[in-house]
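Participant: Pasting entry25.cif below, which is mmCIF, C-alpha atoms.
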```
data_model
loop_
_atom_site.label_atom_id
_atom_site.label_comp_id
_atom_site.auth_asym_id
_atom_site.auth_seq_id
_atom_site.Cartn_x
_atom_site.Cartn_y
_atom_site.Cartn_z
CA MET A 8 20.00 -11.48 -0.61
CA TRP A 9 22.96 -10.12 -2.57
CA LYS A 10 22.42 -12.75 -5.26
CA GLN A 11 18.79 -11.73 -5.61
CA LEU A 12 19.75 -8.06 -5.71
CA ARG A 13 22.27 -8.57 -8.51
CA SER A 14 19.62 -10.31 -10.59
CA SER A 15 17.17 -7.44 -10.14
CA GLY A 16 17.75 -4.49 -12.43
CA THR A 17 15.51 -2.08 -10.49
CA GLY A 18 16.88 -3.09 -7.08
CA LEU A 19 20.48 -2.78 -8.24
CA LEU A 20 19.78 0.59 -9.83
CA GLY A 21 18.07 1.84 -6.67
CA ILE A 22 20.87 0.85 -4.30
CA SER A 23 23.49 2.18 -6.74
CA ILE A 24 21.80 5.57 -6.75
CA LEU A 25 21.65 5.63 -2.95
CA VAL A 26 25.31 4.64 -2.62
CA ILE A 27 26.33 7.48 -4.95
CA VAL A 28 24.16 10.01 -3.12
CA LEU A 29 25.46 8.85 0.25
CA PHE A 30 29.05 9.09 -0.97
CA CYS A 31 28.44 12.63 -2.25
CA ALA A 32 26.96 13.64 1.10
CA LEU A 33 29.79 12.16 3.17
CA ALA A 34 32.59 13.37 0.90
CA ALA A 35 31.11 16.78 0.04
CA ASP A 36 33.93 18.67 1.78
CA TRP A 37 36.55 16.91 -0.36
CA ILE A 38 34.88 16.61 -3.76
CA SER A 39 33.17 20.01 -3.88
CA PRO A 40 35.16 22.32 -6.14
CA TYR A 41 34.16 25.46 -4.17
CA ASP A 42 32.75 26.65 -0.88
CA PRO A 43 28.94 26.37 -1.29
CA LEU A 44 28.46 29.72 0.50
CA LYS A 45 31.15 31.66 -1.36
CA GLN A 46 29.70 34.45 -3.50
CA ASP A 47 31.31 35.69 -6.70
CA LEU A 48 29.08 38.31 -8.31
CA ALA A 49 31.50 38.73 -11.21
CA ASN A 50 30.64 35.15 -12.28
CA SER A 51 26.94 35.11 -11.47
CA LEU A 52 24.56 33.09 -13.64
CA GLN A 53 27.29 31.25 -15.51
CA PRO A 54 25.74 28.47 -17.67
CA PRO A 55 26.85 24.81 -17.47
CA PHE A 56 30.11 23.91 -19.19
CA TRP A 57 28.40 22.35 -22.23
CA ALA A 58 26.18 25.38 -22.90
CA GLU A 59 27.19 28.44 -24.86
CA GLY A 60 29.22 30.72 -22.62
CA GLY A 61 29.91 28.01 -20.06
CA SER A 62 33.31 26.88 -18.85
CA ALA A 63 34.88 23.92 -17.06
CA GLN A 64 35.48 26.19 -14.07
CA TYR A 65 31.80 25.81 -13.11
CA LEU A 66 30.60 22.43 -14.36
CA LEU A 67 26.91 23.02 -13.58
CA GLY A 68 27.04 26.80 -13.68
CA THR A 69 26.44 29.37 -10.94
CA ASP A 70 23.40 31.00 -9.36
CA GLN A 71 22.46 34.67 -9.15
CA LEU A 72 25.05 35.28 -6.42
CA GLY A 73 27.86 33.49 -8.23
CA ARG A 74 27.78 30.42 -5.99
CA ASP A 75 28.79 27.14 -7.58
CA ILE A 76 25.68 25.01 -8.17
CA LEU A 77 27.52 21.69 -8.09
CA SER A 78 29.04 22.48 -4.69
CA ARG A 79 25.68 23.53 -3.29
CA ILE A 80 24.00 20.36 -4.56
CA LEU A 81 26.68 18.17 -2.97
CA HIS A 82 26.42 19.90 0.40
CA GLY A 83 22.62 20.10 0.15
CA SER A 84 22.43 16.31 -0.03
CA ARG A 85 23.59 16.16 3.59
CA ILE A 86 20.55 17.97 4.93
CA SER A 87 18.10 16.02 2.79
CA LEU A 88 19.56 12.66 3.83
CA LEU A 89 19.90 13.68 7.49
CA ILE A 90 16.28 14.75 7.77
CA SER A 91 15.11 11.75 5.76
CA VAL A 92 16.98 9.13 7.78
CA ALA A 93 16.50 10.74 11.21
CA GLY A 94 12.84 11.47 10.50
CA THR A 95 12.31 7.85 9.45
CA VAL A 96 13.88 6.64 12.70
CA VAL A 97 11.54 8.88 14.70
CA ALA A 98 8.61 7.65 12.61
CA ILE A 99 9.48 3.98 13.22
CA VAL A 100 9.81 4.50 16.98
CA THR A 101 6.53 6.43 17.11
CA GLY A 102 4.70 3.95 14.89
CA LEU A 103 5.95 0.90 16.77
CA LEU A 104 5.09 2.33 20.17
CA LEU A 105 1.61 3.61 19.37
CA GLY A 106 0.73 0.85 16.92
CA SER A 107 1.79 -1.92 19.30
CA VAL A 108 -0.19 -0.52 22.20
CA SER A 109 -3.23 0.14 20.04
CA GLY A 110 -3.25 -3.18 18.18
CA TYR A 111 -2.31 -5.49 21.05
CA PHE A 112 -4.36 -4.10 23.92
CA GLY A 113 -7.32 -2.66 21.98
CA GLY A 114 -10.20 -1.19 23.94
CA ARG A 115 -10.45 2.49 24.76
CA ILE A 116 -6.76 3.16 24.24
CA ASP A 117 -7.10 1.80 20.70
CA VAL A 118 -10.04 4.10 20.04
CA VAL A 119 -8.18 7.16 21.35
CA ILE A 120 -5.00 6.47 19.36
CA MET A 121 -6.89 5.74 16.15
CA ARG A 122 -9.06 8.84 16.44
CA LEU A 123 -5.95 10.97 16.94
CA ALA A 124 -4.43 9.28 13.90
CA ASP A 125 -7.58 9.97 11.87
CA ILE A 126 -7.52 13.65 12.85
CA THR A 127 -3.86 13.93 11.88
CA MET A 128 -4.33 12.15 8.56
CA ALA A 129 -7.32 14.34 7.72
CA PHE A 130 -4.83 17.10 6.94
CA PRO A 131 -2.50 16.86 3.94
CA PHE A 132 0.96 15.78 5.10
CA VAL A 133 2.80 18.87 3.86
CA LEU A 134 0.09 21.24 5.15
CA LEU A 135 0.30 19.71 8.63
CA ALA A 136 4.10 19.96 8.57
CA ILE A 137 3.89 23.62 7.54
CA PHE A 138 1.47 24.34 10.38
CA ILE A 139 3.67 22.71 13.04
CA VAL A 140 6.94 24.21 11.75
CA ALA A 141 5.31 27.65 11.64
CA ILE A 142 4.60 27.26 15.38
CA LEU A 143 7.89 25.67 16.47
CA GLY A 144 10.04 27.71 14.12
CA PRO A 145 12.49 26.60 11.41
CA GLY A 146 15.46 24.43 12.26
CA ILE A 147 16.89 21.01 11.51
CA LEU A 148 15.78 19.46 14.82
CA ASN A 149 12.23 20.79 14.52
CA LEU A 150 12.08 19.62 10.92
CA ILE A 151 13.18 16.11 11.90
CA LEU A 152 10.65 16.02 14.73
CA VAL A 153 7.77 17.21 12.55
CA ALA A 154 8.63 14.88 9.68
CA GLY A 155 9.10 11.90 12.00
CA VAL A 156 5.91 12.35 14.02
CA SER A 157 3.81 13.04 10.92
CA ALA A 158 5.14 9.94 9.16
CA GLY A 159 4.82 7.96 12.38
CA VAL A 160 1.06 8.38 12.29
CA ARG A 161 0.87 6.43 9.03
CA LEU A 162 3.18 3.77 10.44
CA THR A 163 0.96 3.51 13.52
CA ARG A 164 -1.99 2.38 11.44
CA THR A 165 0.17 -0.11 9.53
CA VAL A 166 1.69 -1.60 12.69
CA ARG A 167 -1.73 -1.82 14.32
CA GLY A 168 -3.17 -3.68 11.35
CA GLU A 169 -0.28 -6.14 11.26
CA ILE A 170 -0.49 -6.79 15.00
CA LEU A 171 -4.25 -7.34 14.85
CA PHE A 172 -3.57 -10.12 12.36
CA VAL A 173 -0.58 -11.68 14.11
CA LYS A 174 -1.79 -11.57 17.73
CA ASP A 175 -4.64 -14.01 17.05
CA GLN A 176 -2.35 -16.68 15.60
CA GLU A 177 -2.19 -20.00 17.45
CA TYR A 178 1.47 -19.68 18.43
CA ILE A 179 0.74 -16.35 20.15
CA GLU A 180 -2.12 -17.95 22.06
CA ALA A 181 0.24 -20.77 23.11
CA ILE A 182 2.87 -18.31 24.33
CA ARG A 183 0.24 -16.34 26.23
CA SER A 184 -1.13 -19.50 27.84
CA VAL A 185 2.23 -20.29 29.50
CA GLY A 186 2.24 -16.91 31.24
CA ALA A 187 4.54 -14.84 29.04
CA LYS A 188 4.43 -11.10 29.74
CA HIS A 189 2.77 -8.78 27.25
CA SER A 190 6.00 -6.88 26.65
CA ARG A 191 7.85 -10.11 25.82
CA ILE A 192 5.12 -11.31 23.48
CA ILE A 193 5.17 -8.02 21.59
CA ALA A 194 8.97 -7.62 21.44
CA LYS A 195 10.00 -11.25 20.88
CA HIS A 196 7.16 -12.83 18.94
CA ILE A 197 5.00 -10.19 17.23
CA LEU A 198 7.30 -7.40 16.05
CA PRO A 199 9.82 -9.74 14.35
CA ASN A 200 6.97 -11.08 12.22
CA ILE A 201 6.05 -7.63 10.90
CA GLY A 202 9.65 -6.50 10.40
CA SER A 203 9.63 -7.04 6.62
CA ALA A 204 6.60 -4.77 6.19
CA LEU A 205 8.24 -2.09 8.33
CA ILE A 206 11.45 -2.17 6.29
CA VAL A 207 9.56 -1.62 3.06
CA ILE A 208 7.43 1.17 4.50
CA ALA A 209 10.49 2.83 6.04
CA THR A 210 12.23 3.08 2.66
CA LEU A 211 9.15 4.67 1.11
CA GLU A 212 8.84 7.08 4.05
CA MET A 213 12.43 8.19 3.47
CA ALA A 214 11.52 9.25 -0.06
CA GLN A 215 8.44 11.06 1.22
CA LEU A 216 10.44 12.96 3.86
CA ILE A 217 12.94 14.18 1.26
CA LEU A 218 10.04 15.74 -0.61
CA VAL A 219 8.64 17.24 2.60
CA GLU A 220 12.01 18.79 3.47
CA SER A 221 12.31 20.22 -0.02
CA ALA A 222 8.79 21.65 0.12
CA LEU A 223 9.32 23.27 3.53
CA SER A 224 12.69 24.68 2.50
CA PHE A 225 11.09 25.99 -0.69
CA LEU A 226 8.55 27.86 1.46
CA GLY A 227 11.22 29.22 3.79
CA LEU A 228 10.16 27.02 6.73
CA GLY A 229 13.03 24.57 6.61
CA VAL A 230 16.61 24.92 7.77
CA PRO A 231 18.34 28.28 8.43
CA ALA A 232 19.00 30.51 5.44
CA GLU A 233 22.77 29.99 5.46
CA VAL A 234 22.48 26.20 5.08
CA PRO A 235 22.28 25.02 1.44
CA THR A 236 19.48 22.56 0.70
CA TRP A 237 17.90 21.35 -2.51
CA GLY A 238 14.53 22.88 -1.64
CA LYS A 239 16.08 26.23 -0.79
CA MET A 240 17.95 26.22 -4.10
CA LEU A 241 14.65 25.72 -5.91
CA SER A 242 13.05 28.53 -3.92
CA GLU A 243 15.86 30.97 -4.66
CA SER A 244 15.88 30.17 -8.38
CA ARG A 245 12.15 30.15 -9.11
CA ILE A 246 12.23 33.64 -10.65
CA LEU A 247 14.98 32.50 -13.04
CA ILE A 248 13.31 29.35 -14.32
CA LEU A 249 12.56 30.87 -17.74
CA SER A 250 15.69 32.92 -18.30
CA GLU A 251 18.35 30.72 -16.62
CA PRO A 252 16.63 27.34 -16.17
CA TRP A 253 19.76 25.42 -15.13
CA VAL A 254 19.73 27.14 -11.73
CA SER A 255 16.54 25.29 -10.78
CA ILE A 256 16.81 22.20 -13.01
CA PHE A 257 19.85 20.65 -11.34
CA PRO A 258 18.59 20.66 -7.71
CA GLY A 259 15.24 19.38 -9.02
CA VAL A 260 17.02 16.55 -10.82
CA ALA A 261 18.94 15.71 -7.61
CA ILE A 262 15.67 15.40 -5.67
CA THR A 263 14.06 13.32 -8.42
CA ILE A 264 16.97 10.88 -8.76
CA THR A 265 17.31 10.39 -5.00
CA VAL A 266 13.59 9.75 -4.49
CA LEU A 267 13.61 7.41 -7.49
CA GLY A 268 16.49 5.41 -6.04
CA ILE A 269 14.75 5.01 -2.67
CA ASN A 270 11.48 3.96 -4.31
CA LEU A 271 13.21 1.41 -6.55
CA LEU A 272 14.98 -0.10 -3.56
CA GLY A 273 11.74 -0.14 -1.58
CA ASP A 274 9.91 -1.94 -4.39
CA TRP A 275 12.65 -4.57 -4.57
CA LEU A 276 12.63 -5.06 -0.79
CA ARG A 277 8.87 -5.56 -0.89
CA ASP A 278 9.24 -8.29 -3.50
CA TYR A 279 12.15 -9.94 -1.71
CA LEU A 280 10.71 -9.90 1.80
CA ASP A 281 7.20 -11.02 0.84
CA PRO A 282 7.22 -14.84 1.08
CA LYS A 283 4.06 -15.02 -1.03
CA LEU A 284 6.06 -13.89 -4.05
CA GLY A 285 8.52 -16.73 -3.68
CA LYS A 286 11.59 -14.49 -3.86
CA ARG A 287 13.10 -15.54 -0.55
CA THR A 288 16.09 -17.87 -0.78
CA ASN A 289 17.47 -20.24 1.85
#
```
Any chance you could give the structure as structure tokens?
Facilitator:
Amino acid sequence: MWKQLRSSGTGLLGISILVIVLFCALAADWISPYDPLKQDLANSLQPPFWAEGGSAQYLLGTDQLGRDILSRILHGSRISLLISVAGTVVAIVTGLLLGSVSGYFGGRIDVVIMRLADITMAFPFVLLAIFIVAILGPGILNLILVAGVSAGVRLTRTVRGEILFVKDQEYIEAIRSVGAKHSRIIAKHILPNIGSALIVIATLEMAQLILVESALSFLGLGVPAEVPTWGKMLSESRILILSEPWVSIFPGVAITITVLGINLLGDWLRDYLDPKLGKRTN
């Protein structure tokens, strides 16, 4: 796998971006030049160091309250990655549970689960998340729950489709004929055969959840106000986008690069894990 990754420019670029972002999130307390919440009105709206009037004291400049943008971006990566990873885990658990039951057993329970999935998917993803967060209230836990359950609906349909194809294979019929329990058939013989598809979808869902978190934080429905996030930085700087564009450009670039890295890695995993493409090595 590592040999294949090194030979793939897009895959190597994607995982390199993710490693850098992960390092910045884990080491934010040590590599941040300033406290991300510290205000210094005397140095508000300082431009980046390469622009006219900028200085090396604030490499990416400051916002309207004099807070260091670089420090806030580094600490903001923690929330984006936390919600993305935790939400993806919730989505996988939800999708596997509902999709397995729906695809394997079929019947009325399949109809009920699929109709609920259709109703959920009839609403735009972000709009549904806004509606639920507005009811439950802002907060990291609620945001993870909303993002995970919403993404889990899409995974449910994918898992169901994969199981409908796999469960009719001859080896499944042979296992069933010797009296194996349904739970064992699903856990030991069906789910491992759809694992590659789940891995690819999970990486793409992570990118989607970063955008959802940013959108909700932009609208004031994300994490508490005192917690720096990329979406909140965009929301706070939207009135300055014409006069001091760097305040909103840098958090936007952070979101774009992170989502790009996840998508590149997901595309490479799809190519590697799909045996039809002949990329798998012994």
Participant: Can you list, as a VMD selection string, the residues that the PyMOL selection byres ((chain A and resi 147-162) around 8) selects here?
Facilitator: chain A and resid 90 to 91 93 to 103 106 124 127 to 128 132 135 to 136 139 to 140 143 to 146 163 to 166 208 212 216 219 to 220 229 to 230
Participant: Give as a PyMOL selection string the residues that the PyMOL selection byres ((chain A and resi 241-258) around 9) matches when applied to the coordinates above.
Facilitator: chain A and resi 52+54-55+67-71+76-77+79-80+83+221+224-227+236-240+259-263
Participant: Report the centre and edge lengths, in Å to one decimal, of an axis-aligned box enclosing every atom of stretch 63-80 of chain A listed in the file, padded by 8 Å on each side, as lines of an AutoDock Vina configuration file.
Facilitator:
```
center_x = 29.0
center_y = 27.8
center_z = -10.2
size_x = 29.0
size_y = 30.9
size_z = 29.8
```
Participant: So, counting only C-alpha atoms, which residue among A:Phe30, A:Tyr65, A:Phe130, A:Trp9 is closest to A:Ser84?
Facilitator: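 Answer, going by the shortest atom-to-atom distance: A:Phe30.
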Participant: One decimal, Å: what's the distance from atom CA of A:Ser107 over to atom CA of A:Met121, could you say?
Facilitator: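 Spanning atom CA of A:Ser107 to atom CA of A:Met121 is a straight-line distance of 12.0 Å.
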